[in-house]
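Enquirer: Let me begin by handing over the structure; questions about it come next.
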Amino acid sequence: MKVVIGCLLSAFLAGFYGNSYAQSPSAAVRGKVLFQDHSPAAAATIILLKNSDSSIVKSVITEKTGLFSLTALSPDKYLILVTIIGYTKSYYGPYQVAGGQIVNVPDITLSLSPKQLNGVTISGTRPQIETRPGKMIINVQSIISAAGSSAYEILRQAPNVRVDNNNNISIAGRQSALVLVDGKPTNLTGEDLAEVLRGIQASTIDRIELVTSGSAKYDAASGGIINILLKKGANIGANGTVTGSLGYGKYDKNSAGLIFNERTYKLNIFGNYNYSYSKSFRNIVTDRNINYNNVLSNYNTNYNNTQRDYNNTFSLGTDYFISANHTIGFLVNGFATDDSFAKNTDLKIFNRSVLDSTIVANSDLTRHVSRVNYNLNYNGKLDGLGKTLSVDLNYSTYDRSSNEYITNGFFDVSGNAYRAPQFLQNLSPSNIQSWLSKIDFTDPLSKTSKLEAGVKYSTVKSNNDLMFGPMVNGQYQSDPRFSNRFLYTENVNAAYVNYENKFDKFDLTASLRAEHTIAKGNSVTTGEVVNSSYIDLFPQILLVYSYDDKRDLSISYNRGIARPAYEDVNPFLYYVDPYDYRSGNPYLKPQYSDNIELSYNYKKTFLATLYSQTIHNAYDLNFFEQNDATKVNITIRKNLGTIYNYGLRFFAPVRFTSWWNGSFLIDAAYQRYVAYPANGNLNKGTPDIIVSSIQQFVISNTLSADVSGKYESPNFYGISQFKTNYRIDGGVSKQLFNKRASLKLSAADIFNTLRDRSQTNYQNLNISIMDKKESQMARLTFTYRIGRSSIKEAAVHTTGNEEEQKRMKPSN
């Protein structure tokens with residue numbers, strides 16, 4: 001580790017000092033930008049272009065006084081492009097710059113550029129959804145029904161995104177996606193990823209990118225990438241947004257958030273803080289049939305949980321502009337959440353359809369989870385040709401304490417206790433630490449091509465305890481069958497090269513990523529040790545043919561990997577009730593995917609995609625092992641077999657009238673599951689159709705509304721058949737105080753239809769499950785912007801430990 005850090009620091013110092021000493025006095029272009037009332041135009045973007053070919057030389061942002069200075073210029077003839085939201089893009093020049101000359105351009109006055117729509121003025125409005133080759137972009141601020149909600153709820157209703165009741169998030173088939181925030185990893189999955197996403201309020205999100213064909217610069221995620229980009233002020237001085245929200249469904253919810261930015265010519269400080277409280281419920285009804293020795297038994301469970309969440313999410317960062325070409329930054333972000341669960345489980349046991357007995361379990365669980373990620377980064381421009389170097393150092397820590405106390409009551413058919421109550425203790429603390437470092441280098445080989453390369457080193461240590469057992473003589477004692485300590489270490493070394501070139505009407509991206517993984521799982525209590533070491537190659541290619549400036553045709557291929565979450569390889573046997581357990585699998589192997597897409601794109605809005613996905617060693621689904629004699633069922637992850645997924649994805653925006661716009665997405669797929677012989681004789685194919693739509697209505701200059709909906713047909717997943725799933729959401733927005741503020745009323749799952757319903761009839765298992773989370777709710781959200789309203793997304797610092805944070809998933 002010391003050697004790696006030393007190499008990174010050496011590269012940083014060499015790049016910085018070498019270029020610092022190479023700088024010498026040179027030419028400059030200076031000027032001032034004004035609004036039409038002659039006030040200074042702070043935070044306008046100034047782009048310097050070569051007059052000969054309009055290639056970009058460099059760019060700066062105007063100061064609070066409207067002044068700008070473009071320095072370190074070579075002798076040449078230049079153009080200046082000035083842009084700012086709501087104003088016409090304007091070109092000025094050309095200006096001839098000689099060696100050592102300082103050119104002062106005349107004052108530049110901006111002109112307003114409103115779009116007229118039947119008397120309704122709309123400035124800077126973006127479409128709700130945009131499309132690019134291998135990518136779909138959701139502009140959150142353009143979706144009214146998203147107001148007051150969190151990133152988690154936005155993804156649940158977003159087109160092309162699936163979020164199930166176990167908080168698995170996917171965009172490509174049903175494989176878990178890699179979730180980034182500002183290009184940085186969350187390193188979490190399941191309930192803990194959901195906790196982070198619930199803490200990110202819609203008011204702080206600029207857009208969400210859904211990437212199905214990412215370059216080798218990213219971790220080789222088999223399920224695609226979801227990148228949540230937050231907003232940050234672009235103006236010199238102080239800028240910010242405050243938001244408050246009140247909601248109610250079955251229970252109350254509220255949230256408050258702040259995003260802020262303080263920018264000077266040399267320093268930028270930015271951050272956000274969000275607090276949310278939510279009380280919610282969940283109901284799971286299962287019906288399990290067991291046929292043993294010609295006796296049919298039914299184990300019917302009704303589980304009810306009332307949950308309270310107190311969530312604090314924060315981010316604080318700074319960028320220091322050492323010079324025009326060198327920036328160093330520091331970022332710390334994380335969350336702390338306190339949850340309490342009041343659980344009630346009613347298990348009725350029938351033999352030959354006659355009630356035999358009832359077990360009633362009541363439990364109180366308190367859980368505290370916190371994660372903090374530290375990032376130190378450097379970005380440098382090495383020469384005037386565009387060579388760049390970036391260095392990232394990261395440290396992440398994740399801590400969880402979970403304390404549950406269970407009381408089991410045992411009753412006969414008459415409701416009388418037939419044995420004394422059982423008192424159980426379930427303690428499961430966990431700590432995960434991750435170190436990561438990476439270097440990325442970019443070299444523009446020509447005006448139309450560039451080469452990117454990089455290396456990454458990461459190491460993760462996971463320490464997990466499980467202390468489970470009954471109360472004996474007034475003292476809780478650990479049961480060795482269910483108590484254990486598990487240590488897991490993993491080291492991943494990666495390197496990549498990425499080549500991009502534009503020739504004639506073609507754009508080519510070709511890349512290759514190599515990863516070497518070394519892992520060790522040590523079950524301290526049982527003495528079982530599992531070692532693994534493997535090397536993988538991940539190619540990626542994207543070829544885009546531009547027929548004209550409106551129509552593109554693209555084809556892409558990429559190979560990906562999904563390593564098991566750290567919790568999934570933990571061999572603990574978790575207690576649910578006396579006949580239901582969940583277990584990790586230390587022998588679980590990664591799954592691999594091969595993805596091919598052929599897409600047609602019109603005006604970066606209309607998109608039609610034909611796709612194919614093959615997943616080997618598929619494990620991202622539940623498998624059940626039932627003992628008919630003891631009636632005990634264990635839920636476990638296994639490498640089930642191979643999944644084949646073929647489909648057509650179709651997205652189209654439609655303008656019905658001058659005040660009504662809509663967008664439609666249809667994803668029609670055929671999926672086939674083929675199990676390995678050790679897991680049974682499964683070989684089944686099934687269609688899966690998803691239809692989603694957003695309808696937007698402009699009622700007046702300050703009043704608008706939208707309605708969205710999503711439908712999924714019955715489908716087969718893993719070894720379970722799922723029923724139809726659908727929902728309808730809506731919202732109304734009113735702009736206030738000269739559009740500095742907004743008041744939005746939103747409603748989620750208006751008809752309360754969202755729930756998971758499945759039936760599994762495989763080998764000796766016959767079980768049906770109905771899983772209903774609280775989803776119907778209304779919210780009233782107030783947002784107010786401080787400072788100039790020009791807001792752009794935060795600078796993306798891709799820290800590189802996306803995959804590690806994603807996999808920090810403790811038990812739910």
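Following the order of the structure tokens, first chain is A, next is B, and so on, with residues numbered from 1 inside each chain and ligands from 1 in the order they appear.
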Could you give me, as number ranges by chain, the residues within 9 Å of Thr327 in chain A, counting only C-alpha atoms and dropping anything in the same chain fewer than 6 positions from it?

Expert: A: 319-321, 377-380

Enquirer: Give me the residues within 9 Å of Lys77 in chain A as a VMD selection string, counting only C-alpha atoms and dropping any in the same chain fewer than 3 places off.

Expert: chain A and resid 49 to 52 93 to 98

Enquirer: Would you list the contacts of Phe697 in chain A as a VMD selection string, taking every protein, DNA or RNA residue within 7 Å and counting only C-alpha atoms, but skipping same-chain residues closer than 2 positions in sequence?

Expert: chain A and resid 659 to 661 695 699 704 to 706

Enquirer: Contacts of range 259-267 of chain A at 6 Å or less, counting only C-alpha atoms, minus same-chain residues fewer than 3 places along, as a list in words?

Expert: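 Residues near the query, excluding close chain neighbours: Gly233, Ile236, Gly237, Ala238, Asn239, Gly240, Thr241, Phe270, Gly271, Asn272, Asp319, Tyr320 and Phe321 of chain A.
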
Enquirer: Using only C-alpha atoms, which residue out of A:Gln735, A:Ser340, A:Ser323, A:Ser449 lies closest to Ser278 in chain A?

Expert: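 Using only C-alpha atoms, Ser278 in chain A sits closest to A:Ser340.
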